[in-house]
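Notes for the one structure printed next.
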Amino acid sequence: MTPFRPTRRRFIQAVAGASVLTFLGCNRREQAMVMLYTFGDSILDCGRYNEFGVHPGQLLVQNDDRLFPEFQGQDLTSHGPAQLEHRARDGATVDGLPSQAHRLRVEGRAIALITIGGNDLLRGLIRDTGAGIATFANALDTFVQQLPIRPVLLGNVYDPTFGDDRRNFVGVESAIARKNLQRMNPDFSQTQEKAELKTAKMYT
């Protein structure tokens with residue numbers, strides 16, 4: 001059987017896993033139930049793209065130690081009761097985030113994990129020369145600020161060419177495409193900072 005090596009999902013799992021545990025200050029003595037909510041696109045809703053049907057949300061809640069032995073003991077269930085509510089959908093754009101939160105009821109300790117933007121780029125923002133990315137950022141910021149969950153962890157949009165212009169597949173000049181990718185990712189950072197500030201106010 002070919003080893004399962006989903007590089008970008010592996011990265012999301014490692015970074016998000018560390019961040020989740022850091023935010024929660026988890027230790028084995030804390031037994032309150034933690035709910036992990038996933039929102040966004042195929043970075044989180046990617047089970048259909050691998051032979052094992054796994055996706056980051058379920059691995060963060062309970063790692064598959066056979067597939068990822070290096071993350072053994074780093075999942076949420078290793079630190080207490082945890083459950084997943086998986087709302088992310090393959091193909092989603094920022095405009096679809098509110099529908100993913102429809103009828104959302106949050107009780108107790110919760111974490112939100114969001115990945116969004118790749119499909120927005122592919123559907124036009126990759127060639128944006130105006131206010132398109134600013135509009136995207138405002139929509140994402142509004143969603144995060146209205147989401148009744150803290151903390152919120154945002155994944156940025158990865159570069160599928162890994163900086164190699166020969167892999168450009170979008171039909172847009174690489175310099176323009178990469179600039180718009182860079183414009184989008186700082187907006188994630190600003191939204192993350194606002195979410196963290198709101199978290200700090202909630203718990204101080």
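Naming works like this for the structure tokens: A, B, ... for the chains as they're shown, residue 1 at the start of each chain, ligands 1 onward in shown order.
By chain and then residue number, the residues within 7 Å of Val94 (chain A) are Ile116, Gly117, Phe136, Ala139 and Leu140 of chain A, counting only C-alpha atoms and disregarding those fewer than 5 positions away in sequence.
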Let's have the selection written as a PDB file, in the first residue's frame, with C-alpha atoms.
```pdb
ATOM      1  CA  ILE A 116     -11.227  29.532   2.931  1.00  0.00           C
ATOM      2  CA  GLY A 117     -10.022  31.546  -0.057  1.00  0.00           C
ATOM      3  CA  PHE A 136     -13.361  39.027   0.492  1.00  0.00           C
ATOM      4  CA  ALA A 139     -16.828  39.099   4.355  1.00  0.00           C
ATOM      5  CA  LEU A 140     -14.444  36.798   6.209  1.00  0.00           C
TER       6      LEU A 140
END
```
Write down as a list in words the residues belonging to region 29-197 of chain A that are assigned strand (DSSP E or B) by DSSP computed on the backbone.
Val34, Met35, Leu36, Tyr37, Thr38, Phe39, Gly40, Ala82, Gln83, Leu84, Glu85, His86, Arg109, Ala110, Ile111, Ala112, Leu113, Ile114, Thr115, Val152, Leu153, Leu154 and Gly155 of chain A
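Taking CA of Asn185 (chain A) and CA of Leu44 (chain A) as the two end points, the separation is 17.4 Å.
Taking only C-alpha atoms, the non-local environment of Gly171 (chain A) within 10 Å (same-chain residues fewer than 5 positions away omitted) comprises Ile126, Arg127 and Ala177 of chain A.
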Just the selected residues (C-alpha atoms), exported as a PDB file, in the first residue's frame, please.
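In the end it all went to out-v7.pdb:
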```pdb
ATOM      1  CA  ILE A 126      -6.424  35.512  -8.656  1.00  0.00           C
ATOM      2  CA  ARG A 127      -6.558  38.250 -11.327  1.00  0.00           C
ATOM      3  CA  ALA A 177      -1.351  35.605  -9.291  1.00  0.00           C
TER       4      ALA A 177
END
```
How close does each residue of region 30-99 of chain A get to region 151-162 of chain A, giving the shortest atom pair and distance in Å to one decimal for every residue with an atom at most 10 Å away, counting only C-alpha atoms, sorted by chain and residue number, as JSON lines?
```
{"residue": "A:Tyr37", "atom": "CA", "partner": "A:Val152", "partner_atom": "CA", "distance": 9.4}
{"residue": "A:Thr38", "atom": "CA", "partner": "A:Leu153", "partner_atom": "CA", "distance": 9.7}
{"residue": "A:Phe39", "atom": "CA", "partner": "A:Leu154", "partner_atom": "CA", "distance": 9.7}
{"residue": "A:Gly40", "atom": "CA", "partner": "A:Gly155", "partner_atom": "CA", "distance": 9.7}
{"residue": "A:Ile43", "atom": "CA", "partner": "A:Gly155", "partner_atom": "CA", "distance": 8.9}
{"residue": "A:Leu44", "atom": "CA", "partner": "A:Gly155", "partner_atom": "CA", "distance": 9.7}
```
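Between Gly91 (chain A) and the residues A:Arg150, A:His55, A:Lys179, A:Arg123, the shortest atom-to-atom distance, using only C-alpha atoms, involves A:Arg123.
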Expected answer as an MDAnalysis selection string: helix (DSSP H, G or I) residues in region 3-196 of chain A:
chainID A and resid 7:24 47:49 56:61 69:71 76:78 94:100 118:122 125:127 132:146 165:167 174:196
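What separates CA of Asp165 (chain A) from CA of Gly132 (chain A) is a distance of 23.6 Å.
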